[in-house]
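Below is input-v9.pdb, which holds PDB, C-alpha atoms, pLDDT in the B column.
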```pdb
ATOM      1  CA  MET A   1     225.505 242.830 203.680  1.00 67.00           C
ATOM      2  CA  LYS A   2     228.622 244.635 204.863  1.00 87.00           C
ATOM      3  CA  LEU A   3     227.734 248.230 205.737  1.00 91.00           C
ATOM      4  CA  LYS A   4     231.384 249.092 206.269  1.00 92.00           C
ATOM      5  CA  LYS A   5     232.171 248.040 202.707  1.00 94.00           C
ATOM      6  CA  ILE A   6     229.309 250.159 201.373  1.00 95.00           C
ATOM      7  CA  SER A   7     230.702 253.099 203.344  1.00 95.00           C
ATOM      8  CA  GLN A   8     234.143 252.527 201.836  1.00 95.00           C
ATOM      9  CA  LEU A   9     232.684 252.627 198.323  1.00 96.00           C
ATOM     10  CA  CYS A  10     230.832 255.847 199.126  1.00 96.00           C
ATOM     11  CA  ASN A  11     233.926 257.410 200.678  1.00 94.00           C
ATOM     12  CA  LYS A  12     236.002 256.664 197.617  1.00 94.00           C
ATOM     13  CA  GLN A  13     233.352 258.153 195.340  1.00 94.00           C
ATOM     14  CA  LYS A  14     232.797 261.022 197.813  1.00 95.00           C
ATOM     15  CA  ALA A  15     229.060 260.450 197.626  1.00 96.00           C
ATOM     16  CA  TYR A  16     226.526 259.025 200.082  1.00 96.00           C
ATOM     17  CA  ILE A  17     223.039 258.896 198.613  1.00 96.00           C
ATOM     18  CA  ILE A  18     220.055 257.600 200.581  1.00 96.00           C
ATOM     19  CA  TYR A  19     217.217 256.435 198.347  1.00 96.00           C
ATOM     20  CA  ASP A  20     213.732 256.328 199.875  1.00 94.00           C
ATOM     21  CA  LYS A  21     211.660 253.534 198.363  1.00 91.00           C
ATOM     22  CA  PRO A  22     207.940 253.609 199.215  1.00 85.00           C
ATOM     23  CA  THR A  23     206.155 250.374 199.964  1.00 79.00           C
ATOM     24  CA  ARG A  24     202.594 249.396 199.148  1.00 76.00           C
ATOM     25  CA  ASN A  25     201.376 249.980 202.696  1.00 76.00           C
ATOM     26  CA  GLY A  26     202.669 253.541 202.712  1.00 70.00           C
ATOM     27  CA  ASP A  27     205.863 252.907 204.652  1.00 77.00           C
ATOM     28  CA  ALA A  28     209.343 253.303 203.228  1.00 82.00           C
ATOM     29  CA  THR A  29     212.483 251.258 202.894  1.00 91.00           C
ATOM     30  CA  GLN A  30     215.857 252.739 202.151  1.00 95.00           C
ATOM     31  CA  TRP A  31     218.819 252.004 199.930  1.00 96.00           C
ATOM     32  CA  LEU A  32     222.303 253.481 200.161  1.00 96.00           C
ATOM     33  CA  GLY A  33     224.750 253.993 197.338  1.00 95.00           C
ATOM     34  CA  ASP A  34     227.387 256.147 195.695  1.00 95.00           C
ATOM     35  CA  GLY A  35     225.456 257.073 192.549  1.00 93.00           C
ATOM     36  CA  CYS A  36     226.756 254.084 190.573  1.00 94.00           C
ATOM     37  CA  ALA A  37     225.414 251.301 192.789  1.00 96.00           C
ATOM     38  CA  ALA A  38     222.954 250.959 195.676  1.00 96.00           C
ATOM     39  CA  TYR A  39     222.167 248.412 198.389  1.00 96.00           C
ATOM     40  CA  PRO A  40     219.120 247.872 200.640  1.00 95.00           C
ATOM     41  CA  LEU A  41     219.464 248.973 204.256  1.00 93.00           C
ATOM     42  CA  ASP A  42     217.662 246.055 205.833  1.00 88.00           C
ATOM     43  CA  GLY A  43     217.062 245.973 209.575  1.00 85.00           C
ATOM     44  CA  LEU A  44     218.061 249.592 210.199  1.00 89.00           C
ATOM     45  CA  PRO A  45     215.954 252.515 211.377  1.00 90.00           C
ATOM     46  CA  LEU A  46     215.149 255.072 208.709  1.00 93.00           C
ATOM     47  CA  LEU A  47     218.057 257.430 208.159  1.00 94.00           C
ATOM     48  CA  ASP A  48     218.416 261.049 207.191  1.00 94.00           C
ATOM     49  CA  THR A  49     221.667 262.751 206.240  1.00 95.00           C
ATOM     50  CA  ASP A  50     222.469 263.713 209.846  1.00 95.00           C
ATOM     51  CA  SER A  51     221.923 260.235 211.295  1.00 95.00           C
ATOM     52  CA  LEU A  52     223.848 258.718 208.382  1.00 95.00           C
ATOM     53  CA  CYS A  53     226.844 260.917 209.168  1.00 95.00           C
ATOM     54  CA  ARG A  54     226.682 259.892 212.812  1.00 94.00           C
ATOM     55  CA  MET A  55     226.457 256.202 211.925  1.00 93.00           C
ATOM     56  CA  PHE A  56     229.510 256.320 209.663  1.00 94.00           C
ATOM     57  CA  ASP A  57     231.476 258.854 211.750  1.00 94.00           C
ATOM     58  CA  ILE A  58     231.559 261.454 208.985  1.00 94.00           C
ATOM     59  CA  SER A  59     232.887 264.703 210.398  1.00 93.00           C
ATOM     60  CA  LYS A  60     231.648 268.137 209.368  1.00 92.00           C
ATOM     61  CA  GLU A  61     234.914 268.728 207.494  1.00 93.00           C
ATOM     62  CA  GLN A  62     234.487 265.468 205.568  1.00 93.00           C
ATOM     63  CA  ARG A  63     230.818 266.193 204.944  1.00 93.00           C
ATOM     64  CA  ASP A  64     231.633 269.532 203.321  1.00 92.00           C
ATOM     65  CA  LYS A  65     233.792 267.721 200.755  1.00 93.00           C
ATOM     66  CA  MET A  66     231.194 265.087 199.839  1.00 94.00           C
ATOM     67  CA  LEU A  67     227.826 264.776 198.201  1.00 95.00           C
ATOM     68  CA  ILE A  68     225.513 263.582 200.970  1.00 95.00           C
ATOM     69  CA  GLN A  69     221.830 263.649 200.189  1.00 95.00           C
ATOM     70  CA  GLN A  70     218.517 261.911 200.683  1.00 95.00           C
ATOM     71  CA  THR A  71     216.284 261.505 197.666  1.00 94.00           C
ATOM     72  CA  ALA A  72     213.357 259.527 196.335  1.00 93.00           C
ATOM     73  CA  LYS A  73     213.956 256.344 194.400  1.00 91.00           C
ATOM     74  CA  PRO A  74     214.846 257.301 190.813  1.00 90.00           C
ATOM     75  CA  ASP A  75     211.942 257.038 188.405  1.00 89.00           C
ATOM     76  CA  GLY A  76     212.297 254.067 186.110  1.00 91.00           C
ATOM     77  CA  VAL A  77     214.708 252.162 188.374  1.00 94.00           C
ATOM     78  CA  CYS A  78     213.187 249.046 189.924  1.00 94.00           C
ATOM     79  CA  MET A  79     214.386 248.227 193.435  1.00 94.00           C
ATOM     80  CA  ASP A  80     211.970 245.332 193.907  1.00 93.00           C
ATOM     81  CA  ASP A  81     213.074 241.715 194.215  1.00 93.00           C
ATOM     82  CA  ALA A  82     211.566 240.988 190.790  1.00 92.00           C
ATOM     83  CA  GLY A  83     211.704 243.489 187.971  1.00 89.00           C
ATOM     84  CA  PRO A  84     209.351 243.719 184.983  1.00 87.00           C
ATOM     85  CA  GLU A  85     210.771 241.851 181.994  1.00 89.00           C
ATOM     86  CA  GLU A  86     214.098 241.284 183.744  1.00 94.00           C
ATOM     87  CA  CYS A  87     216.349 238.683 182.147  1.00 95.00           C
ATOM     88  CA  LYS A  88     219.248 236.741 183.602  1.00 95.00           C
ATOM     89  CA  ALA A  89     222.679 237.984 182.556  1.00 95.00           C
ATOM     90  CA  GLU A  90     225.491 235.454 182.293  1.00 94.00           C
ATOM     91  CA  ARG A  91     228.785 236.219 183.996  1.00 93.00           C
ATOM     92  CA  MET A  92     231.678 235.665 181.614  1.00 90.00           C
ATOM     93  CA  GLU A  93     235.249 234.701 182.389  1.00 83.00           C
ATOM     94  CA  PRO A  94     237.913 235.939 182.522  1.00 81.00           C
ATOM     95  CA  GLY A  95     237.482 239.313 184.138  1.00 84.00           C
ATOM     96  CA  ILE A  96     239.226 242.442 182.886  1.00 86.00           C
ATOM     97  CA  VAL A  97     241.732 244.651 184.695  1.00 87.00           C
ATOM     98  CA  ARG A  98     242.194 248.088 183.181  1.00 83.00           C
ATOM     99  CA  GLY A  99     243.540 251.278 184.657  1.00 82.00           C
ATOM    100  CA  GLY A 100     243.908 249.595 188.035  1.00 86.00           C
ATOM    101  CA  ARG A 101     240.210 248.676 188.166  1.00 87.00           C
ATOM    102  CA  GLU A 102     238.667 245.212 187.868  1.00 92.00           C
ATOM    103  CA  PHE A 103     235.657 244.669 185.657  1.00 93.00           C
ATOM    104  CA  ILE A 104     233.232 241.775 185.264  1.00 92.00           C
ATOM    105  CA  PRO A 105     231.818 241.138 181.778  1.00 93.00           C
ATOM    106  CA  LEU A 106     228.159 240.156 181.642  1.00 95.00           C
ATOM    107  CA  MET A 107     226.307 238.897 178.581  1.00 94.00           C
ATOM    108  CA  THR A 108     222.905 240.559 178.258  1.00 93.00           C
ATOM    109  CA  ARG A 109     220.289 240.583 175.520  1.00 92.00           C
ATOM    110  CA  ALA A 110     221.981 243.682 174.131  1.00 88.00           C
ATOM    111  CA  GLY A 111     225.478 242.147 174.233  1.00 91.00           C
ATOM    112  CA  ILE A 112     228.351 242.508 176.667  1.00 92.00           C
ATOM    113  CA  VAL A 113     228.280 245.061 179.469  1.00 93.00           C
ATOM    114  CA  PHE A 114     230.849 245.605 182.217  1.00 93.00           C
ATOM    115  CA  ILE A 115     230.360 246.279 185.911  1.00 95.00           C
ATOM    116  CA  GLN A 116     233.070 247.072 188.422  1.00 94.00           C
ATOM    117  CA  LYS A 117     234.006 244.123 190.597  1.00 94.00           C
ATOM    118  CA  LYS A 118     234.327 246.333 193.674  1.00 95.00           C
ATOM    119  CA  TYR A 119     230.534 246.595 193.832  1.00 95.00           C
ATOM    120  CA  LEU A 120     230.305 242.905 194.725  1.00 94.00           C
ATOM    121  CA  VAL A 121     232.446 243.344 197.854  1.00 94.00           C
ATOM    122  CA  PRO A 122     229.550 244.408 200.160  1.00 93.00           C
ATOM    123  CA  LEU A 123     227.863 241.101 199.277  1.00 92.00           C
ATOM    124  CA  ASP A 124     230.807 238.850 200.146  1.00 87.00           C
ATOM    125  CA  ASP A 125     229.075 237.607 203.286  1.00 79.00           C
ATOM    126  CA  GLU A 126     225.837 236.543 201.600  1.00 73.00           C
ATOM    127  CA  GLY A 127     227.044 232.939 201.607  1.00 65.00           C
ATOM    128  CA  VAL A 128     225.410 231.926 198.327  1.00 75.00           C
ATOM    129  CA  MET A 129     226.132 232.321 194.654  1.00 88.00           C
ATOM    130  CA  LEU A 130     225.349 235.772 193.298  1.00 92.00           C
ATOM    131  CA  GLU A 131     223.172 235.965 190.210  1.00 95.00           C
ATOM    132  CA  PHE A 132     222.911 238.864 187.790  1.00 96.00           C
ATOM    133  CA  TYR A 133     219.779 240.119 186.075  1.00 97.00           C
ATOM    134  CA  GLU A 134     219.454 242.676 183.323  1.00 96.00           C
ATOM    135  CA  ARG A 135     216.883 245.386 183.915  1.00 96.00           C
ATOM    136  CA  ARG A 136     216.099 248.459 181.828  1.00 94.00           C
ATOM    137  CA  THR A 137     214.851 251.935 182.514  1.00 92.00           C
ATOM    138  CA  PRO A 138     211.904 253.155 180.388  1.00 90.00           C
ATOM    139  CA  GLY A 139     214.490 254.929 178.240  1.00 90.00           C
ATOM    140  CA  GLY A 140     216.299 251.652 177.559  1.00 90.00           C
ATOM    141  CA  GLN A 141     219.332 252.115 179.820  1.00 92.00           C
ATOM    142  CA  ILE A 142     220.603 248.802 181.176  1.00 94.00           C
ATOM    143  CA  TYR A 143     221.329 248.292 184.843  1.00 95.00           C
ATOM    144  CA  ILE A 144     222.111 245.088 186.727  1.00 97.00           C
ATOM    145  CA  ALA A 145     220.205 243.642 189.673  1.00 97.00           C
ATOM    146  CA  ILE A 146     222.357 241.386 191.869  1.00 96.00           C
ATOM    147  CA  LYS A 147     220.379 238.656 193.571  1.00 95.00           C
ATOM    148  CA  THR A 148     220.836 235.930 196.119  1.00 92.00           C
ATOM    149  CA  GLY A 149     218.064 233.479 195.458  1.00 89.00           C
ATOM    150  CA  MET A 150     214.895 235.516 194.955  1.00 91.00           C
ATOM    151  CA  LEU A 151     216.122 238.600 196.824  1.00 93.00           C
ATOM    152  CA  CYS A 152     217.607 241.662 195.169  1.00 95.00           C
ATOM    153  CA  ARG A 153     220.697 242.615 197.168  1.00 95.00           C
ATOM    154  CA  GLY A 154     222.091 245.385 195.018  1.00 95.00           C
ATOM    155  CA  LEU A 155     221.783 247.432 191.841  1.00 97.00           C
ATOM    156  CA  VAL A 156     224.773 248.370 189.709  1.00 96.00           C
ATOM    157  CA  PHE A 157     224.990 250.495 186.595  1.00 95.00           C
ATOM    158  CA  PRO A 158     227.446 249.318 183.912  1.00 94.00           C
ATOM    159  CA  VAL A 159     230.439 251.397 182.901  1.00 89.00           C
ATOM    160  CA  GLU A 160     231.851 252.140 179.465  1.00 86.00           C
ATOM    161  CA  ILE A 161     235.403 250.824 179.116  1.00 82.00           C
ATOM    162  CA  VAL A 162     235.471 249.794 175.459  1.00 80.00           C
ATOM    163  CA  ASP A 163     237.457 251.878 172.985  1.00 82.00           C
ATOM    164  CA  ASP A 164     239.602 251.145 169.911  1.00 89.00           C
ATOM    165  CA  LYS A 165     242.725 250.441 171.966  1.00 86.00           C
ATOM    166  CA  PHE A 166     240.843 248.009 174.216  1.00 84.00           C
ATOM    167  CA  VAL A 167     239.389 246.119 171.231  1.00 87.00           C
ATOM    168  CA  HIS A 168     242.784 245.891 169.513  1.00 87.00           C
ATOM    169  CA  GLN A 169     244.376 244.535 172.689  1.00 85.00           C
ATOM    170  CA  LEU A 170     241.688 241.861 172.972  1.00 85.00           C
ATOM    171  CA  GLU A 171     242.159 240.914 169.322  1.00 89.00           C
ATOM    172  CA  ASP A 172     245.918 240.557 169.865  1.00 89.00           C
ATOM    173  CA  MET A 173     245.283 238.444 172.962  1.00 85.00           C
ATOM    174  CA  LEU A 174     242.807 236.252 171.084  1.00 85.00           C
ATOM    175  CA  ARG A 175     245.323 235.585 168.302  1.00 89.00           C
ATOM    176  CA  GLY A 176     248.013 234.816 170.871  1.00 90.00           C
ATOM    177  CA  CYS A 177     245.734 232.437 172.773  1.00 86.00           C
ATOM    178  CA  ARG A 178     244.787 230.568 169.593  1.00 88.00           C
ATOM    179  CA  SER A 179     248.442 230.188 168.703  1.00 89.00           C
ATOM    180  CA  LEU A 180     249.260 228.974 172.216  1.00 85.00           C
ATOM    181  CA  LEU A 181     246.388 226.492 172.114  1.00 85.00           C
ATOM    182  CA  GLU A 182     247.639 225.058 168.832  1.00 85.00           C
ATOM    183  CA  ARG A 183     251.194 224.734 170.161  1.00 82.00           C
ATOM    184  CA  THR A 184     249.888 223.089 173.315  1.00 81.00           C
ATOM    185  CA  ARG A 185     247.874 220.559 171.332  1.00 79.00           C
ATOM    186  CA  ASN A 186     250.876 219.689 169.188  1.00 77.00           C
ATOM    187  CA  ARG A 187     253.127 219.340 172.213  1.00 71.00           C
ATOM    188  CA  ILE A 188     250.658 217.043 173.981  1.00 57.00           C
ATOM    189  CA  GLY A 189     250.431 214.936 170.830  1.00 55.00           C
ATOM    190  CA  ASP A 190     254.219 214.613 170.676  1.00 58.00           C
ATOM    191  CA  GLU A 191     254.390 213.599 174.338  1.00 58.00           C
ATOM    192  CA  ILE A 192     251.725 210.935 173.893  1.00 55.00           C
ATOM    193  CA  PHE A 193     253.472 209.607 170.795  1.00 55.00           C
ATOM    194  CA  GLN A 194     256.822 209.446 172.579  1.00 56.00           C
ATOM    195  CA  LEU A 195     255.310 207.690 175.588  1.00 55.00           C
ATOM    196  CA  THR A 196     253.564 205.153 173.331  1.00 55.00           C
ATOM    197  CA  TRP A 197     256.714 204.555 171.312  1.00 51.00           C
ATOM    198  CA  THR A 198     258.769 204.060 174.484  1.00 52.00           C
ATOM    199  CA  GLU A 199     256.336 201.527 175.909  1.00 51.00           C
ATOM    200  CA  ARG A 200     256.266 199.555 172.676  1.00 50.00           C
ATOM    201  CA  ALA A 201     260.035 199.654 172.382  1.00 51.00           C
ATOM    202  CA  GLU A 202     260.377 198.210 175.882  1.00 52.00           C
ATOM    203  CA  GLU A 203     257.836 195.455 175.129  1.00 53.00           C
ATOM    204  CA  ASP A 204     259.775 194.472 171.980  1.00 55.00           C
ATOM    205  CA  THR A 205     263.102 194.298 173.826  1.00 53.00           C
ATOM    206  CA  PRO A 206     264.157 190.616 174.317  1.00 52.00           C
TER     207      PRO A 206
END
```
Please, can you express the file's structure as structure tokens?
Amino acid sequence: MKLKKISQLCNKQKAYIIYDKPTRNGDATQWLGDGCAAYPLDGLPLLDTDSLCRMFDISKEQRDKMLIQQTAKPDGVCMDDAGPEECKAERMEPGIVRGGREFIPLMTRAGIVFIQKKYLVPLDDEGVMLEFYERRTPGGQIYIAIKTGMLCRGLVFPVEIVDDKFVHQLEDMLRGCRSLLERTRNRIGDEIFQLTWTERAEEDTP
């Protein structure tokens, strides 16, 4: 987990939110996020807003321009390693770039959702393949748990990027790709035919 990368996400969003997650034995663990994603603060002493600002060198002037708060874990959001009725979400390729932002499409039980690729950056040093799991709040809102093995290493809420223009662009791209695929198949067939004809012609030459 790269704390510096988490800080960069929070700085860009101008929000540092510490989430206090109680444990069964009465202690607490903490997560840090920007309101759209959150990551566990493993191996660190418990933070409050003042100690967080000291750790990330946030000046008073910067602090006055940001949302910096400590709050309880949101009701209905599971920060455990295993969530009730969670289901694996399949990462789809290719990704999408729109408005200068990169998005990853994930196939869930409800269909495609998109998360911002930047929220995977703090997990670049995990050293294993990231897996995505669909979870839902009691109200039915989808959010994505990012895991390495059995451990939940982050939570990300999807974003809405689909509109009529986006769908039309994808439809145009799909038609263009199908046309290109057909041309490619025909061209490969011509090349194979020419190569076969050339070889036979040379064999028949006295």
Could you tell me how far atom CA of A:Ala28 sits from atom CA of A:Pro45, in Å to one decimal place?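 Computed distance, atom CA of A:Pro45 to atom CA of A:Ala28, equals 10.5 Å.
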Sorted per-residue table, stretch 27-49 of chain A near stretch 5-12 of chain A, closest atoms and distance, 9 Å, only C-alpha atoms, as a tab-separated table:
```
residue	atom	partner	partner_atom	distance
A:Leu32	CA	A:Ile6	CA	7.8
A:Gly33	CA	A:Cys10	CA	6.6
A:Asp34	CA	A:Cys10	CA	4.9
A:Gly35	CA	A:Cys10	CA	8.6
A:Ala38	CA	A:Ile6	CA	8.6
A:Tyr39	CA	A:Ile6	CA	7.9
```
Exactly which residues make up the result of the PyMOL selection byres ((chain A and resi 87-103) around 8) on this file, given as a ChimeraX atom specification? /A:85-86,104-109,114-118,131-135
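Atom pair atom CA of A:Ile58 / atom CA of A:Ile17: separated by 13.7 Å.
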Pick the closest to A:Gln70 from A:Ala110, A:Gly149, A:Gln30, A:Leu180: which is it, counting all atoms listed in the file?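 Smallest separation from A:Gln70 among the options: A:Gln30.
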Can you tell me which residues surround A:Leu151 at a distance of at most 8 Å, considering all atoms listed in the file, apart from same-chain residues fewer than 3 positions away, and format the answer as a ChimeraX atom specification? /A:81-82,147-148
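Non-sequential neighbours of A:Asp125 (distance at most 12 Å, separation of 5 or more positions within a chain, only C-alpha atoms) are Met1, Lys2, Leu3, Lys5, Leu120, Leu130, Thr148 and Arg153 of chain A.
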Which centre and which edge lengths, in Å to one decimal, describe the axis-aligned box that holds all listed atoms of stretch 83-86 of chain A after 5 Å is added on each side, as JSON?
```
{"center_x": 211.7, "center_y": 242.5, "center_z": 185.0, "size_x": 14.7, "size_y": 12.4, "size_z": 16.0}
```
Counting all atoms listed in the file, which residue out of A:Lys4, A:Gln69, A:Gly43, A:Met79 sits closest to A:Pro22?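 Of the candidates, the smallest distance to A:Pro22 is held by A:Met79.
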Nearest to A:Tyr143, chosen from A:Cys177, A:Met129, A:Val159, A:Leu123, with only C-alpha atoms counted in the distances: A:Val159
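Atom CA of A:Leu52 is found 28.2 Å from atom CA of A:Thr137.
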Minimum-distance residue to A:Gly139, chosen among A:Met55, A:Ala37, A:Leu47, A:Val77 (using all atoms listed in the file): A:Val77
Which residues are near A:Cys53? Cut-off 10 Å, only C-alpha atoms, ignore same chain within fewer than 4 positions. Put them as a ChimeraX atom specification. /A:16,47-49,57-60,62-63,68
